[in-house]
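**Q** Supplied structure: my_file.pdb, PDB, C-alpha atoms, pLDDT in the B column.
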```pdb
ATOM      1  CA  MET A  45     -56.754  46.519  59.180  1.00 60.00           C
ATOM      2  CA  ALA A  46     -54.228  45.848  61.952  1.00 57.00           C
ATOM      3  CA  ILE A  47     -50.614  45.142  61.101  1.00 59.00           C
ATOM      4  CA  ALA A  48     -49.530  41.864  62.679  1.00 72.00           C
ATOM      5  CA  GLN A  49     -45.812  42.375  62.055  1.00 83.00           C
ATOM      6  CA  LYS A  50     -44.563  45.818  61.066  1.00 89.00           C
ATOM      7  CA  VAL A  51     -41.087  44.779  59.836  1.00 92.00           C
ATOM      8  CA  SER A  52     -40.319  41.691  57.730  1.00 92.00           C
ATOM      9  CA  THR A  53     -37.055  40.399  56.343  1.00 94.00           C
ATOM     10  CA  HIS A  54     -36.994  40.433  52.537  1.00 94.00           C
ATOM     11  CA  LEU A  55     -34.678  38.028  50.710  1.00 96.00           C
ATOM     12  CA  TRP A  56     -33.556  38.387  47.079  1.00 95.00           C
ATOM     13  CA  PHE A  57     -33.117  35.169  45.108  1.00 94.00           C
ATOM     14  CA  GLU A  58     -31.728  34.799  41.630  1.00 92.00           C
ATOM     15  CA  ASP A  59     -34.179  31.941  41.158  1.00 90.00           C
ATOM     16  CA  GLY A  60     -35.982  29.433  43.345  1.00 92.00           C
ATOM     17  CA  ALA A  61     -37.579  31.690  45.971  1.00 94.00           C
ATOM     18  CA  GLU A  62     -40.675  29.497  46.216  1.00 93.00           C
ATOM     19  CA  GLU A  63     -38.616  26.300  46.424  1.00 95.00           C
ATOM     20  CA  ALA A  64     -36.458  27.902  49.135  1.00 97.00           C
ATOM     21  CA  ALA A  65     -39.496  29.062  51.128  1.00 97.00           C
ATOM     22  CA  LYS A  66     -41.039  25.588  50.982  1.00 97.00           C
ATOM     23  CA  PHE A  67     -37.763  24.073  52.193  1.00 98.00           C
ATOM     24  CA  TYR A  68     -37.381  26.629  54.999  1.00 98.00           C
ATOM     25  CA  ILE A  69     -40.891  26.045  56.343  1.00 98.00           C
ATOM     26  CA  SER A  70     -40.192  22.306  56.462  1.00 98.00           C
ATOM     27  CA  LEU A  71     -37.403  22.940  58.991  1.00 98.00           C
ATOM     28  CA  LEU A  72     -39.225  24.716  61.805  1.00 97.00           C
ATOM     29  CA  PRO A  73     -42.588  24.453  63.557  1.00 96.00           C
ATOM     30  CA  ASP A  74     -45.103  27.316  63.297  1.00 97.00           C
ATOM     31  CA  SER A  75     -44.107  27.819  59.658  1.00 97.00           C
ATOM     32  CA  ARG A  76     -46.184  28.034  56.492  1.00 97.00           C
ATOM     33  CA  LEU A  77     -46.281  29.327  52.927  1.00 96.00           C
ATOM     34  CA  ASP A  78     -48.631  32.313  52.993  1.00 95.00           C
ATOM     35  CA  SER A  79     -48.746  33.409  49.353  1.00 93.00           C
ATOM     36  CA  VAL A  80     -47.016  33.425  46.002  1.00 92.00           C
ATOM     37  CA  LEU A  81     -47.370  36.665  44.062  1.00 89.00           C
ATOM     38  CA  HIS A  82     -46.622  36.594  40.321  1.00 85.00           C
ATOM     39  CA  PHE A  83     -45.513  39.976  38.981  1.00 82.00           C
ATOM     40  CA  ASP A  84     -44.239  39.097  35.487  1.00 76.00           C
ATOM     41  CA  ARG A  85     -44.621  35.471  34.392  1.00 73.00           C
ATOM     42  CA  ALA A  86     -42.576  36.038  31.221  1.00 72.00           C
ATOM     43  CA  LYS A  87     -39.553  37.059  33.317  1.00 69.00           C
ATOM     44  CA  ASN A  88     -40.295  34.531  36.108  1.00 73.00           C
ATOM     45  CA  LEU A  89     -40.526  37.476  38.508  1.00 69.00           C
ATOM     46  CA  TYR A  90     -42.529  36.685  41.609  1.00 85.00           C
ATOM     47  CA  GLY A  91     -42.629  37.135  45.327  1.00 93.00           C
ATOM     48  CA  VAL A  92     -43.269  34.702  48.134  1.00 95.00           C
ATOM     49  CA  VAL A  93     -44.593  35.482  51.590  1.00 95.00           C
ATOM     50  CA  PHE A  94     -43.952  32.841  54.213  1.00 96.00           C
ATOM     51  CA  THR A  95     -43.959  32.481  57.973  1.00 96.00           C
ATOM     52  CA  LEU A  96     -40.920  30.885  59.555  1.00 97.00           C
ATOM     53  CA  ALA A  97     -41.215  30.016  63.257  1.00 96.00           C
ATOM     54  CA  GLY A  98     -43.960  32.617  63.629  1.00 95.00           C
ATOM     55  CA  GLN A  99     -42.074  35.416  61.820  1.00 96.00           C
ATOM     56  CA  GLU A 100     -43.090  36.727  58.407  1.00 96.00           C
ATOM     57  CA  TYR A 101     -40.517  36.725  55.617  1.00 96.00           C
ATOM     58  CA  ARG A 102     -40.709  37.797  52.023  1.00 95.00           C
ATOM     59  CA  ALA A 103     -38.654  36.550  49.126  1.00 96.00           C
ATOM     60  CA  LEU A 104     -38.288  37.836  45.597  1.00 93.00           C
ATOM     61  CA  ASN A 105     -37.328  35.741  42.612  1.00 90.00           C
ATOM     62  CA  ALA A 106     -35.643  38.535  40.654  1.00 87.00           C
ATOM     63  CA  GLY A 107     -32.474  37.475  38.839  1.00 87.00           C
ATOM     64  CA  PRO A 108     -28.732  37.628  39.400  1.00 90.00           C
ATOM     65  CA  MET A 109     -28.268  41.324  40.226  1.00 92.00           C
ATOM     66  CA  PHE A 110     -27.873  40.674  43.972  1.00 93.00           C
ATOM     67  CA  LYS A 111     -26.660  37.572  45.813  1.00 92.00           C
ATOM     68  CA  LEU A 112     -27.339  36.302  49.307  1.00 92.00           C
ATOM     69  CA  ASN A 113     -24.176  36.165  51.431  1.00 90.00           C
ATOM     70  CA  GLN A 114     -22.899  35.883  54.997  1.00 91.00           C
ATOM     71  CA  ALA A 115     -23.686  39.530  55.732  1.00 92.00           C
ATOM     72  CA  VAL A 116     -27.197  38.363  56.670  1.00 92.00           C
ATOM     73  CA  SER A 117     -27.960  35.090  58.405  1.00 96.00           C
ATOM     74  CA  LEU A 118     -30.812  33.421  60.226  1.00 97.00           C
ATOM     75  CA  TRP A 119     -30.014  32.786  63.892  1.00 96.00           C
ATOM     76  CA  VAL A 120     -31.920  29.649  64.892  1.00 98.00           C
ATOM     77  CA  LYS A 121     -32.001  28.865  68.624  1.00 97.00           C
ATOM     78  CA  CYS A 122     -32.289  25.114  69.121  1.00 98.00           C
ATOM     79  CA  ASP A 123     -33.530  23.438  72.285  1.00 97.00           C
ATOM     80  CA  ASP A 124     -31.268  20.391  72.065  1.00 98.00           C
ATOM     81  CA  GLN A 125     -28.618  18.602  70.010  1.00 98.00           C
ATOM     82  CA  ARG A 126     -31.260  16.606  68.154  1.00 98.00           C
ATOM     83  CA  GLU A 127     -32.790  19.821  66.784  1.00 98.00           C
ATOM     84  CA  ILE A 128     -29.358  21.193  65.833  1.00 98.00           C
ATOM     85  CA  ASP A 129     -28.528  17.943  64.033  1.00 98.00           C
ATOM     86  CA  ARG A 130     -31.902  17.766  62.253  1.00 98.00           C
ATOM     87  CA  ILE A 131     -31.762  21.308  60.859  1.00 98.00           C
ATOM     88  CA  TRP A 132     -28.037  21.132  60.045  1.00 98.00           C
ATOM     89  CA  ASP A 133     -28.332  17.784  58.287  1.00 98.00           C
ATOM     90  CA  ALA A 134     -31.420  18.852  56.308  1.00 98.00           C
ATOM     91  CA  ILE A 135     -29.615  21.936  54.967  1.00 98.00           C
ATOM     92  CA  LEU A 136     -26.539  19.894  54.035  1.00 98.00           C
ATOM     93  CA  LYS A 137     -28.596  17.151  52.356  1.00 98.00           C
ATOM     94  CA  ASN A 138     -30.347  19.823  50.299  1.00 98.00           C
ATOM     95  CA  GLY A 139     -27.112  21.153  48.782  1.00 98.00           C
ATOM     96  CA  GLY A 140     -25.799  23.267  51.655  1.00 98.00           C
ATOM     97  CA  LYS A 141     -22.222  23.889  52.793  1.00 98.00           C
ATOM     98  CA  GLU A 142     -20.752  23.831  56.286  1.00 98.00           C
ATOM     99  CA  HIS A 143     -18.950  26.845  57.667  1.00 97.00           C
ATOM    100  CA  ALA A 144     -17.227  27.358  61.013  1.00 96.00           C
ATOM    101  CA  CYS A 145     -18.793  28.230  64.349  1.00 97.00           C
ATOM    102  CA  GLY A 146     -22.267  26.817  63.790  1.00 98.00           C
ATOM    103  CA  TRP A 147     -22.864  28.416  60.404  1.00 98.00           C
ATOM    104  CA  VAL A 148     -24.270  26.464  57.462  1.00 98.00           C
ATOM    105  CA  GLN A 149     -25.130  27.975  54.083  1.00 98.00           C
ATOM    106  CA  ASP A 150     -28.054  26.632  52.093  1.00 98.00           C
ATOM    107  CA  LYS A 151     -27.930  26.010  48.349  1.00 97.00           C
ATOM    108  CA  TRP A 152     -29.449  29.430  47.613  1.00 96.00           C
ATOM    109  CA  GLY A 153     -26.718  31.222  49.571  1.00 96.00           C
ATOM    110  CA  LEU A 154     -28.622  32.066  52.758  1.00 97.00           C
ATOM    111  CA  CYS A 155     -26.580  31.436  55.903  1.00 98.00           C
ATOM    112  CA  TRP A 156     -28.028  29.881  59.008  1.00 98.00           C
ATOM    113  CA  GLN A 157     -26.504  30.025  62.473  1.00 98.00           C
ATOM    114  CA  VAL A 158     -27.782  26.838  64.083  1.00 98.00           C
ATOM    115  CA  ILE A 159     -27.171  27.608  67.741  1.00 98.00           C
ATOM    116  CA  PRO A 160     -28.048  25.976  71.068  1.00 98.00           C
ATOM    117  CA  ALA A 161     -30.463  28.235  72.957  1.00 97.00           C
ATOM    118  CA  ALA A 162     -28.209  27.891  76.022  1.00 96.00           C
ATOM    119  CA  LEU A 163     -25.298  29.544  74.203  1.00 97.00           C
ATOM    120  CA  GLU A 164     -26.630  33.057  74.806  1.00 94.00           C
ATOM    121  CA  ALA A 165     -26.678  32.509  78.579  1.00 95.00           C
ATOM    122  CA  MET A 166     -23.143  31.081  78.496  1.00 97.00           C
ATOM    123  CA  LEU A 167     -21.859  34.062  76.514  1.00 97.00           C
ATOM    124  CA  SER A 168     -23.528  36.567  78.830  1.00 96.00           C
ATOM    125  CA  ASP A 169     -22.240  34.981  82.041  1.00 96.00           C
ATOM    126  CA  PRO A 170     -20.363  37.509  84.215  1.00 97.00           C
ATOM    127  CA  ASP A 171     -17.486  35.005  84.522  1.00 97.00           C
ATOM    128  CA  GLU A 172     -15.108  36.180  81.796  1.00 97.00           C
ATOM    129  CA  ALA A 173     -13.061  32.970  81.933  1.00 97.00           C
ATOM    130  CA  ALA A 174     -16.192  30.867  81.335  1.00 97.00           C
ATOM    131  CA  ARG A 175     -17.216  33.103  78.408  1.00 97.00           C
ATOM    132  CA  ASN A 176     -13.746  32.840  76.886  1.00 97.00           C
ATOM    133  CA  ARG A 177     -13.693  29.043  77.220  1.00 98.00           C
ATOM    134  CA  VAL A 178     -17.056  28.846  75.457  1.00 98.00           C
ATOM    135  CA  LEU A 179     -15.891  31.184  72.686  1.00 97.00           C
ATOM    136  CA  GLN A 180     -12.747  29.113  72.180  1.00 98.00           C
ATOM    137  CA  ALA A 181     -14.905  25.992  71.930  1.00 98.00           C
ATOM    138  CA  VAL A 182     -17.269  27.632  69.416  1.00 98.00           C
ATOM    139  CA  TRP A 183     -14.326  28.791  67.300  1.00 97.00           C
ATOM    140  CA  SER A 184     -12.962  25.238  67.160  1.00 98.00           C
ATOM    141  CA  MET A 185     -16.222  23.696  65.889  1.00 98.00           C
ATOM    142  CA  ILE A 186     -18.052  23.449  62.608  1.00 98.00           C
ATOM    143  CA  LYS A 187     -21.484  22.234  63.810  1.00 98.00           C
ATOM    144  CA  LEU A 188     -21.937  23.199  67.455  1.00 98.00           C
ATOM    145  CA  ASP A 189     -21.947  20.400  70.006  1.00 98.00           C
ATOM    146  CA  ILE A 190     -23.893  21.238  73.153  1.00 98.00           C
ATOM    147  CA  ALA A 191     -22.068  18.684  75.324  1.00 98.00           C
ATOM    148  CA  GLN A 192     -18.682  20.127  74.366  1.00 98.00           C
ATOM    149  CA  LEU A 193     -19.894  23.687  74.941  1.00 98.00           C
ATOM    150  CA  GLU A 194     -21.181  22.739  78.392  1.00 98.00           C
ATOM    151  CA  LYS A 195     -17.825  21.122  79.241  1.00 98.00           C
ATOM    152  CA  ALA A 196     -16.018  24.288  78.179  1.00 98.00           C
ATOM    153  CA  TYR A 197     -18.441  26.416  80.177  1.00 98.00           C
ATOM    154  CA  GLN A 198     -17.872  24.291  83.295  1.00 97.00           C
ATOM    155  CA  GLY A 199     -14.119  24.363  82.762  1.00 95.00           C
ATOM    156  CA  ALA A 200     -13.948  20.573  82.445  1.00 87.00           C
TER     157      ALA A 200
END
```
Take the structure in this file and express it as structure tokens.
**A**
Amino acid sequence: MAIAQKVSTHLWFEDGAEEAAKFYISLLPDSRLDSVLHFDRAKNLYGVVFTLAGQEYRALNAGPMFKLNQAVSLWVKCDDQREIDRIWDAILKNGGKEHACGWVQDKWGLCWQVIPAALEAMLSDPDEAARNRVLQAVWSMIKLDIAQLEKAYQGA
């Protein structure tokens, strides 16, 4: 049996791992719920395997011992402002909280960095002044605005 993906991210949820996985797969194409594995029904202990934008993830519904936090986030590269707005707004409408610099935290505590795909190129440009202008723009924003980032990049 061939291994399709050798390493998968595993997320620990106090409760609601299946609900979270179903929400996550609704946000991105090439996503699906692969399986729900019940380990101990009396303790509501179960695992979920899901594919998010072609990548396998696992989640465990296992109680309050560990909490999701900003130390781990999902970096989502968006093609355009419409995609940024759609994902951002969906997370907020489902109980999420805005954070600075393109970060939004969902109601389970998982952080998402909803980022324009073009940002990586801007931040790797050899022109240090352009990179710094873009960084300053990012640091001044909550949800990232591609038009404003492009203006900063161009020095306008």
**Q** May I ask which of the residues A:Arg76, A:Lys50, A:His82, A:Lys187 is the closest one to Cys145 (chain A), counting all atoms listed in the file?
**A** A:Lys187
**Q** Determine the nearest neighbour of Pro73 (chain A) from the options A:Ala196, A:Ala106, A:Ala86, A:Val120, counting all atoms listed in the file.
**A**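 Among the listed residues, the smallest separation from Pro73 (chain A) belongs to A:Val120.
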**Q** Need to verify the contact set: region 117-119 of chain A, 10 Å, only C-alpha atoms, exclusion of same-chain residues closer than 5 positions in sequence. Can you return it as a list of chain:residue names?
**A**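 My list of contacting residues is A:Leu112, A:Gly146, A:Trp147, A:Val148, A:Gln149, A:Gly153, A:Leu154, A:Cys155, A:Trp156, A:Gln157, A:Val158, A:Ile159.
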**Q** Got a sec to resolve the PyMOL selection byres ((chain A and resi 78) around 8) on this structure and send the residues as a short mmCIF file (atom, residue, chain, number, x, y, z; two decimals) with C-alpha atoms, keeping the file's coordinate frame?
**A**
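Output file selection-v7.cif follows:
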```
data_model
loop_
_atom_site.label_atom_id
_atom_site.label_comp_id
_atom_site.auth_asym_id
_atom_site.auth_seq_id
_atom_site.Cartn_x
_atom_site.Cartn_y
_atom_site.Cartn_z
CA ARG A 76 -46.18 28.03 56.49
CA LEU A 77 -46.28 29.33 52.93
CA SER A 79 -48.75 33.41 49.35
CA VAL A 80 -47.02 33.42 46.00
CA VAL A 92 -43.27 34.70 48.13
CA VAL A 93 -44.59 35.48 51.59
CA PHE A 94 -43.95 32.84 54.21
CA THR A 95 -43.96 32.48 57.97
#
```
**Q** Between A:Phe83, A:Trp152, A:Tyr68, A:Phe110, which one has atoms that come closest to Leu96 (chain A), using all atoms listed in the file?
**A**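 Of A:Phe83, A:Trp152, A:Tyr68, A:Phe110, the one nearest Leu96 (chain A), counting all atoms listed in the file, is A:Tyr68.
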**Q** Rounded to one decimal place, report the CA of Asn138 (chain A)-CA of Leu72 (chain A) distance in Å.
**A** 15.3 Å
**Q** Hey, what's within 6 Å of region 122-124 of chain A if we count all atoms listed in the file and toss same-chain stuff fewer than 4 positions away? As a short mmCIF file (atom, residue, chain, number, x, y, z; two decimals) with C-alpha atoms, in the coordinates of the input, please?
**A**
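See selection10.cif below for the written result:
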```cif
data_model
loop_
_atom_site.label_atom_id
_atom_site.label_comp_id
_atom_site.auth_asym_id
_atom_site.auth_seq_id
_atom_site.Cartn_x
_atom_site.Cartn_y
_atom_site.Cartn_z
CA ILE A 128 -29.36 21.19 65.83
CA ILE A 159 -27.17 27.61 67.74
CA PRO A 160 -28.05 25.98 71.07
CA ALA A 161 -30.46 28.24 72.96
#
```
**Q** Within 12 Å of (-18.6, 23.9, 72.5) (coordinates as in the file), grab all the protein and nucleic acid residues, counting only C-alpha atoms, and write them out as a ChimeraX atom specification.
**A** /A:125,145-146,159-160,162-163,166-167,174-200
**Q** The selected residues should be written to file as a compact mmCIF listing (two decimals), keeping the file's coordinate frame (atoms: C-alpha atoms).
**A**
```txt
# COMPACT_ATOMS: atom_id res chain seq x y z
CA GLN A 125 -28.62 18.60 70.01
CA CYS A 145 -18.79 28.23 64.35
CA GLY A 146 -22.27 26.82 63.79
CA ILE A 159 -27.17 27.61 67.74
CA PRO A 160 -28.05 25.98 71.07
CA ALA A 162 -28.21 27.89 76.02
CA LEU A 163 -25.30 29.54 74.20
CA MET A 166 -23.14 31.08 78.50
CA LEU A 167 -21.86 34.06 76.51
CA ALA A 174 -16.19 30.87 81.33
CA ARG A 175 -17.22 33.10 78.41
CA ASN A 176 -13.75 32.84 76.89
CA ARG A 177 -13.69 29.04 77.22
CA VAL A 178 -17.06 28.85 75.46
CA LEU A 179 -15.89 31.18 72.69
CA GLN A 180 -12.75 29.11 72.18
CA ALA A 181 -14.90 25.99 71.93
CA VAL A 182 -17.27 27.63 69.42
CA TRP A 183 -14.33 28.79 67.30
CA SER A 184 -12.96 25.24 67.16
CA MET A 185 -16.22 23.70 65.89
CA ILE A 186 -18.05 23.45 62.61
CA LYS A 187 -21.48 22.23 63.81
CA LEU A 188 -21.94 23.20 67.46
CA ASP A 189 -21.95 20.40 70.01
CA ILE A 190 -23.89 21.24 73.15
CA ALA A 191 -22.07 18.68 75.32
CA GLN A 192 -18.68 20.13 74.37
CA LEU A 193 -19.89 23.69 74.94
CA GLU A 194 -21.18 22.74 78.39
CA LYS A 195 -17.82 21.12 79.24
CA ALA A 196 -16.02 24.29 78.18
CA TYR A 197 -18.44 26.42 80.18
CA GLN A 198 -17.87 24.29 83.30
CA GLY A 199 -14.12 24.36 82.76
CA ALA A 200 -13.95 20.57 82.44
```
**Q** Check which residues satisfy the PyMOL selection byres ((chain A and resi 104) around 6) in the file shown, then give them as a ChimeraX atom specification.
**A** /A:56-57,90-91,103,105-106
**Q** Applied to this file, what does the PyMOL selection byres ((chain A and resi 51) around 12) return in terms of residues, put as a list of chain:residue names?
**A** A:Ile47, A:Ala48, A:Gln49, A:Lys50, A:Ser52, A:Thr53, A:His54, A:Gln99, A:Glu100, A:Tyr101, A:Arg102
**Q** To test the calculation: enclose all listed atoms of region 162-178 of chain A in a box whose edges run along x, y and z, add 4 Å on each side, then state centre and edge lengths in Å to one decimal, as lines of an AutoDock Vina configuration file.
**A**
```
center_x = -20.6
center_y = 32.7
center_z = 79.4
size_x = 23.1
size_y = 17.6
size_z = 18.3
```
**Q** Go ahead and compute the interatomic distance for CA of Gly139 (chain A) and CA of Val116 (chain A), in Å to one decimal.
**A**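 It comes out at 18.9 Å.
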**Q** Quick one: distance from CA of Trp132 (chain A) to CA of Asp150 (chain A) in Å, one decimal?
**A**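 The value is 9.7 Å.
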**Q** Could you check which of A:Leu71, A:Leu81, A:Ala134, A:Met109 is closest to Asp59 (chain A), using all atoms listed in the file?
**A**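 Residue with the minimum atom-to-atom distance to Asp59 (chain A): A:Met109.
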**Q** Atoms are missing here; could region 187-198 of chain A be completed with all heavy atoms and written as a tab-separated table (two decimals), in the coordinates of the input?
**A**
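selection-v9.tsv, written as the output of this step:
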```tsv
chain	number	residue	atom	x	y	z
A	187	LYS	N	-20.14	22.32	63.22
A	187	LYS	CA	-21.48	22.23	63.81
A	187	LYS	C	-21.29	22.27	65.32
A	187	LYS	O	-20.42	21.58	65.86
A	187	LYS	CB	-22.18	20.95	63.38
A	187	LYS	CG	-23.54	20.76	64.02
A	187	LYS	CD	-24.32	19.58	63.48
A	187	LYS	CE	-23.65	18.27	63.72
A	187	LYS	NZ	-24.49	17.12	63.34
A	188	LEU	N	-22.10	23.07	66.01
A	188	LEU	CA	-21.94	23.20	67.46
A	188	LEU	C	-22.43	21.95	68.18
A	188	LEU	O	-23.45	21.36	67.83
A	188	LEU	CB	-22.66	24.44	67.97
A	188	LEU	CG	-22.14	25.77	67.39
A	188	LEU	CD1	-22.82	26.95	68.08
A	188	LEU	CD2	-20.63	25.90	67.50
A	189	ASP	N	-21.67	21.58	69.20
A	189	ASP	CA	-21.95	20.40	70.01
A	189	ASP	C	-22.23	20.88	71.43
A	189	ASP	O	-21.33	21.39	72.12
A	189	ASP	CB	-20.73	19.48	69.97
A	189	ASP	CG	-20.91	18.21	70.76
A	189	ASP	OD1	-21.27	18.28	71.96
A	189	ASP	OD2	-20.66	17.13	70.19
A	190	ILE	N	-23.48	20.72	71.85
A	190	ILE	CA	-23.89	21.24	73.15
A	190	ILE	C	-23.08	20.63	74.29
A	190	ILE	O	-22.65	21.34	75.20
A	190	ILE	CB	-25.41	21.00	73.38
A	190	ILE	CG1	-26.22	21.82	72.38
A	190	ILE	CG2	-25.80	21.36	74.81
A	190	ILE	CD1	-27.71	21.55	72.41
A	191	ALA	N	-22.83	19.34	74.24
A	191	ALA	CA	-22.07	18.68	75.32
A	191	ALA	C	-20.68	19.29	75.44
A	191	ALA	O	-20.20	19.54	76.56
A	191	ALA	CB	-21.99	17.17	75.08
A	192	GLN	N	-20.02	19.54	74.33
A	192	GLN	CA	-18.68	20.13	74.37
A	192	GLN	C	-18.72	21.58	74.85
A	192	GLN	O	-17.81	22.01	75.58
A	192	GLN	CB	-18.04	20.04	72.98
A	192	GLN	CG	-17.73	18.63	72.52
A	192	GLN	CD	-16.76	17.93	73.46
A	192	GLN	OE1	-15.77	18.49	73.90
A	192	GLN	NE2	-17.07	16.68	73.78
A	193	LEU	N	-19.76	22.30	74.47
A	193	LEU	CA	-19.89	23.69	74.94
A	193	LEU	C	-20.12	23.72	76.45
A	193	LEU	O	-19.56	24.56	77.15
A	193	LEU	CB	-21.03	24.40	74.21
A	193	LEU	CG	-20.81	24.65	72.73
A	193	LEU	CD1	-22.08	25.18	72.09
A	193	LEU	CD2	-19.65	25.61	72.51
A	194	GLU	N	-20.93	22.80	76.95
A	194	GLU	CA	-21.18	22.74	78.39
A	194	GLU	C	-19.92	22.39	79.15
A	194	GLU	O	-19.65	22.94	80.22
A	194	GLU	CB	-22.30	21.76	78.70
A	194	GLU	CG	-23.66	22.29	78.27
A	194	GLU	CD	-24.80	21.29	78.40
A	194	GLU	OE1	-24.53	20.08	78.62
A	194	GLU	OE2	-25.96	21.72	78.25
A	195	LYS	N	-19.11	21.46	78.60
A	195	LYS	CA	-17.82	21.12	79.24
A	195	LYS	C	-16.91	22.35	79.30
A	195	LYS	O	-16.28	22.62	80.31
A	195	LYS	CB	-17.12	20.00	78.48
A	195	LYS	CG	-17.70	18.63	78.73
A	195	LYS	CD	-16.90	17.59	77.96
A	195	LYS	CE	-17.52	16.21	78.10
A	195	LYS	NZ	-16.82	15.21	77.29
A	196	ALA	N	-16.84	23.07	78.20
A	196	ALA	CA	-16.02	24.29	78.18
A	196	ALA	C	-16.54	25.31	79.19
A	196	ALA	O	-15.75	25.92	79.93
A	196	ALA	CB	-16.01	24.89	76.77
A	197	TYR	N	-17.82	25.47	79.25
A	197	TYR	CA	-18.44	26.42	80.18
A	197	TYR	C	-18.10	26.06	81.62
A	197	TYR	O	-17.77	26.93	82.43
A	197	TYR	CB	-19.95	26.43	79.94
A	197	TYR	CG	-20.71	27.41	80.79
A	197	TYR	CD1	-20.54	28.77	80.64
A	197	TYR	CD2	-21.62	26.96	81.74
A	197	TYR	CE1	-21.25	29.68	81.42
A	197	TYR	CE2	-22.34	27.85	82.52
A	197	TYR	CZ	-22.15	29.20	82.35
A	197	TYR	OH	-22.85	30.10	83.12
A	198	GLN	N	-18.16	24.76	81.94
A	198	GLN	CA	-17.87	24.29	83.30
A	198	GLN	C	-16.38	24.27	83.61
A	198	GLN	O	-15.98	24.12	84.75
A	198	GLN	CB	-18.43	22.87	83.48
A	198	GLN	CG	-19.92	22.75	83.30
A	198	GLN	CD	-20.72	23.54	84.31
A	198	GLN	OE1	-20.27	23.74	85.44
A	198	GLN	NE2	-21.88	24.02	83.91
```
